[in-house]
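Below you'll find the structure, written out as structure tokens, and then a few comments.
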Amino acid sequence: MFMIVLIDMDGVIADFEQGVIDGLRRFYSEVPIIPKRERKIFHVDEQYPREYQPLVRSVYQLPGFYRNLKPIVGSLEALADLEKNHDIRICTSPLTVYHNCVLEKYEWVENNLGESWVKRIMLMKDKTLANGDILIDDKPNITGSISPSWEHILYSAPYNQEIKNRRRLNWHNYNNVIKI
Ligand SMILES: [Mg+2]
């Protein structure tokens with residue numbers, strides 16, 4: 001069945017978590033890294049001790065952070081696969097400190113998916129206002145002004161394991177969860 005599929009960017013197709021780890025190692029080696037598998041809180045800065053939180057935030061506000069994020073393994077292939085039968089949109093919420101983030105999200109899409117995908121970007125703080133059949137997103141709970149039209153399918157991550165009442169997937173098993 002044809003669907004409008006909204007796909008989140010950070011933590012779903014762009015490896016934000018690895019970017020933070022790499023940035024901390026490079027710029028703030030005094031910060032003890034929290035490994036990916038031990039991540040329990042969605043907002044990464046909030047899981048670090050208070051004295052390190054400004055450093056963590058500064059990593060993802062640095063120029064080049066978003067542009068240089070690695071694709072999540074399997075994501076680009078999955079998008080190409082889903083795109084054959086569905087209308088795919090990249091639905092991403094930019095940082096409020098937008099100065100590097102907004103431009104670099106566009107650059108990331110062009111560099112990793114190609115120019116035609118730039119037209120598929122939807123930048124929005126409130127994803128409930130987007131129309132679609134499903135939203136694939138790693139954020140545990142997505143709230144906004146209205147009751148959304150889409151079903152939120154969780155992109156499974158260590159920090160959203162407490163959510164039990166939603167379908168979840170990753171790029172290795174998505175075929176079993178959504179029909180191509
Ligand atoms: Mg995300």
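Letters A, B, ... mark the chains of the structure tokens in the order given; residue numbers begin at 1 per chain; ligand numbers begin at 1, in order shown.
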
Please write out the residues within 10 Å of ligand 1 as a short mmCIF file (atom, residue, chain, number, x, y, z; two decimals) with all heavy atoms, in the first residue's frame, counting only C-alpha atoms and all ligand atoms.
data_model
loop_
_atom_site.label_atom_id
_atom_site.label_comp_id
_atom_site.auth_asym_id
_atom_site.auth_seq_id
_atom_site.Cartn_x
_atom_site.Cartn_y
_atom_site.Cartn_z
N ILE A 7 10.50 10.48 7.60
CA ILE A 7 11.66 9.87 8.23
C ILE A 7 12.50 10.94 8.92
O ILE A 7 12.91 11.93 8.30
CB ILE A 7 12.49 9.08 7.19
CG1 ILE A 7 11.61 7.97 6.60
CG2 ILE A 7 13.77 8.52 7.81
CD1 ILE A 7 12.30 6.99 5.71
N ASP A 8 12.71 10.74 10.18
CA ASP A 8 13.54 11.63 10.99
C ASP A 8 14.99 11.51 10.54
O ASP A 8 15.38 10.52 9.90
CB ASP A 8 13.36 11.21 12.46
CG ASP A 8 14.26 11.97 13.40
OD1 ASP A 8 14.47 13.18 13.19
OD2 ASP A 8 14.76 11.34 14.36
N MET A 9 15.78 12.49 10.90
CA MET A 9 17.17 12.50 10.43
C MET A 9 18.14 12.05 11.53
O MET A 9 18.76 10.99 11.42
CB MET A 9 17.48 13.93 9.96
CG MET A 9 18.60 14.04 8.98
SD MET A 9 18.50 15.67 8.19
CE MET A 9 20.12 15.66 7.45
N ASP A 10 18.24 12.81 12.61
CA ASP A 10 19.24 12.49 13.65
C ASP A 10 18.84 11.22 14.40
O ASP A 10 17.72 11.10 14.89
CB ASP A 10 19.36 13.64 14.65
CG ASP A 10 19.88 14.90 13.97
OD1 ASP A 10 20.77 14.79 13.12
OD2 ASP A 10 19.36 15.99 14.29
N GLY A 11 19.78 10.29 14.46
CA GLY A 11 19.51 9.04 15.16
C GLY A 11 18.74 8.03 14.32
O GLY A 11 18.46 6.93 14.79
N VAL A 12 18.39 8.41 13.08
CA VAL A 12 17.65 7.50 12.20
C VAL A 12 18.40 7.30 10.87
O VAL A 12 18.63 6.18 10.45
CB VAL A 12 16.20 8.00 11.95
CG1 VAL A 12 15.47 7.11 10.96
CG2 VAL A 12 15.44 8.06 13.28
N ILE A 13 18.78 8.41 10.24
CA ILE A 13 19.62 8.26 9.04
C ILE A 13 21.00 8.90 9.23
O ILE A 13 21.94 8.53 8.55
CB ILE A 13 18.93 8.78 7.76
CG1 ILE A 13 18.58 10.27 7.85
CG2 ILE A 13 17.69 7.97 7.46
CD1 ILE A 13 18.06 10.84 6.51
N ALA A 14 21.12 9.87 10.14
CA ALA A 14 22.42 10.51 10.43
C ALA A 14 22.85 10.12 11.84
O ALA A 14 22.06 10.21 12.79
CB ALA A 14 22.30 12.02 10.31
N ASP A 15 24.09 9.66 11.97
CA ASP A 15 24.56 9.09 13.24
C ASP A 15 25.00 10.18 14.22
O ASP A 15 26.20 10.40 14.45
CB ASP A 15 25.66 8.08 13.00
CG ASP A 15 25.83 7.14 14.19
OD1 ASP A 15 25.32 7.47 15.29
OD2 ASP A 15 26.46 6.08 14.03
N PHE A 16 24.00 10.84 14.80
CA PHE A 16 24.22 11.93 15.76
C PHE A 16 25.01 11.45 16.97
O PHE A 16 25.94 12.13 17.43
CB PHE A 16 22.84 12.45 16.18
CG PHE A 16 22.86 13.61 17.12
CD1 PHE A 16 22.83 14.91 16.65
CD2 PHE A 16 22.88 13.41 18.50
CE1 PHE A 16 22.85 15.99 17.53
CE2 PHE A 16 22.89 14.48 19.38
CZ PHE A 16 22.88 15.77 18.89
N GLU A 17 24.67 10.29 17.48
CA GLU A 17 25.32 9.77 18.70
C GLU A 17 26.83 9.59 18.47
O GLU A 17 27.64 9.96 19.32
CB GLU A 17 24.71 8.43 19.10
CG GLU A 17 23.28 8.54 19.59
CD GLU A 17 23.18 9.09 21.01
OE1 GLU A 17 24.01 8.71 21.86
OE2 GLU A 17 22.28 9.89 21.26
N PHE A 42 17.05 10.52 26.11
CA PHE A 42 17.03 10.92 24.70
C PHE A 42 17.99 12.07 24.41
O PHE A 42 18.80 12.00 23.49
CB PHE A 42 15.60 11.26 24.28
CG PHE A 42 15.51 11.80 22.89
CD1 PHE A 42 15.72 10.95 21.79
CD2 PHE A 42 15.26 13.14 22.65
CE1 PHE A 42 15.66 11.43 20.49
CE2 PHE A 42 15.20 13.63 21.35
CZ PHE A 42 15.40 12.78 20.28
N HIS A 43 17.90 13.15 25.17
CA HIS A 43 18.79 14.30 24.92
C HIS A 43 20.16 13.99 25.53
O HIS A 43 20.31 13.92 26.75
CB HIS A 43 18.21 15.58 25.52
CG HIS A 43 17.00 16.07 24.79
ND1 HIS A 43 15.75 16.09 25.34
CD2 HIS A 43 16.85 16.52 23.52
CE1 HIS A 43 14.87 16.55 24.44
NE2 HIS A 43 15.52 16.81 23.34
N CYS A 91 11.87 14.38 7.64
CA CYS A 91 11.16 15.29 8.55
C CYS A 91 12.05 15.51 9.77
O CYS A 91 12.18 14.63 10.62
CB CYS A 91 9.83 14.65 8.92
SG CYS A 91 8.75 15.73 9.84
N THR A 92 12.67 16.66 9.83
CA THR A 92 13.70 16.88 10.84
C THR A 92 13.52 18.20 11.56
O THR A 92 13.10 19.20 10.95
CB THR A 92 15.11 16.78 10.19
OG1 THR A 92 16.11 16.97 11.17
CG2 THR A 92 15.30 17.78 9.07
N SER A 93 13.81 18.17 12.82
CA SER A 93 13.64 19.35 13.67
C SER A 93 15.01 19.97 13.93
O SER A 93 15.85 19.37 14.58
CB SER A 93 12.99 18.88 14.97
OG SER A 93 12.92 19.94 15.87
N ILE A 136 8.92 7.63 11.12
CA ILE A 136 9.95 6.79 11.72
C ILE A 136 10.91 7.72 12.46
O ILE A 136 11.58 8.55 11.84
CB ILE A 136 10.69 5.97 10.64
CG1 ILE A 136 9.69 5.06 9.92
CG2 ILE A 136 11.83 5.17 11.26
CD1 ILE A 136 10.27 4.35 8.70
N ASP A 137 10.93 7.60 13.78
CA ASP A 137 11.65 8.59 14.60
C ASP A 137 12.17 7.90 15.86
O ASP A 137 11.48 7.04 16.41
CB ASP A 137 10.68 9.72 14.96
CG ASP A 137 11.38 11.01 15.35
OD1 ASP A 137 12.21 10.98 16.28
OD2 ASP A 137 11.09 12.05 14.74
N ASP A 138 13.35 8.27 16.31
CA ASP A 138 13.95 7.65 17.50
C ASP A 138 13.53 8.34 18.80
O ASP A 138 13.87 7.84 19.89
CB ASP A 138 15.48 7.65 17.38
CG ASP A 138 16.05 9.05 17.31
OD1 ASP A 138 15.43 9.91 16.62
OD2 ASP A 138 17.11 9.30 17.91
N LYS A 139 12.84 9.46 18.71
CA LYS A 139 12.44 10.18 19.93
C LYS A 139 11.34 9.40 20.64
O LYS A 139 10.36 8.99 20.00
CB LYS A 139 11.94 11.58 19.57
CG LYS A 139 11.72 12.47 20.76
CD LYS A 139 11.40 13.88 20.31
CE LYS A 139 11.32 14.80 21.52
NZ LYS A 139 11.11 16.20 21.11
N PRO A 140 11.46 9.17 21.94
CA PRO A 140 10.49 8.31 22.63
C PRO A 140 9.05 8.81 22.50
O PRO A 140 8.16 8.03 22.18
CB PRO A 140 10.96 8.33 24.09
CG PRO A 140 12.41 8.65 24.02
CD PRO A 140 12.58 9.56 22.83
N LEU A 154 8.81 3.72 16.20
CA LEU A 154 10.08 4.07 16.84
C LEU A 154 11.24 3.48 16.06
O LEU A 154 11.23 2.29 15.74
CB LEU A 154 10.14 3.48 18.24
CG LEU A 154 9.75 4.34 19.42
CD1 LEU A 154 9.87 3.50 20.70
CD2 LEU A 154 10.60 5.59 19.54
N TYR A 155 12.24 4.29 15.77
CA TYR A 155 13.51 3.75 15.33
C TYR A 155 14.25 3.34 16.61
O TYR A 155 14.55 4.16 17.47
CB TYR A 155 14.33 4.76 14.51
CG TYR A 155 15.53 4.08 13.92
CD1 TYR A 155 15.44 3.37 12.73
CD2 TYR A 155 16.75 4.07 14.60
CE1 TYR A 155 16.52 2.69 12.22
CE2 TYR A 155 17.84 3.38 14.10
CZ TYR A 155 17.72 2.69 12.90
OH TYR A 155 18.79 2.00 12.41
N ALA A 157 16.48 2.46 19.62
CA ALA A 157 17.77 2.96 20.11
C ALA A 157 17.86 2.63 21.60
O ALA A 157 16.83 2.41 22.25
CB ALA A 157 17.84 4.47 19.92
#

*Extract, using only C-alpha atoms, all DNA, RNA and protein residues at most 9 Å from Gln18 (chain A), discarding same-chain residues fewer than 5 positions from it, and format them as a list in words.*
Gly23, Lys36, Leu69 and Lys70 of chain A

*Find the residue from A:Gly19, A:Pro158, A:Gly144, A:Gly74 that sits nearest to Val56 (chain A); use only C-alpha atoms when measuring.*
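Smallest distance to Val56 (chain A) is found for A:Gly19.
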
*What separation in Å, quoted to one decimal, exists between CA of Ile90 (chain A) and CA of Val177 (chain A)?*
19.1 Å

*Straight-line distance linking CA of Trp117 (chain A) with CA of Asn141 (chain A), stated in Å to one decimal*: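 So the two atoms, CA of Trp117 (chain A) and CA of Asn141 (chain A), lie 26.6 Å apart.
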
*Enter the distance from CA of Lys40 (chain A) to CA of Asn160 (chain A), in Å, rounded to one decimal.*
7.3 Å
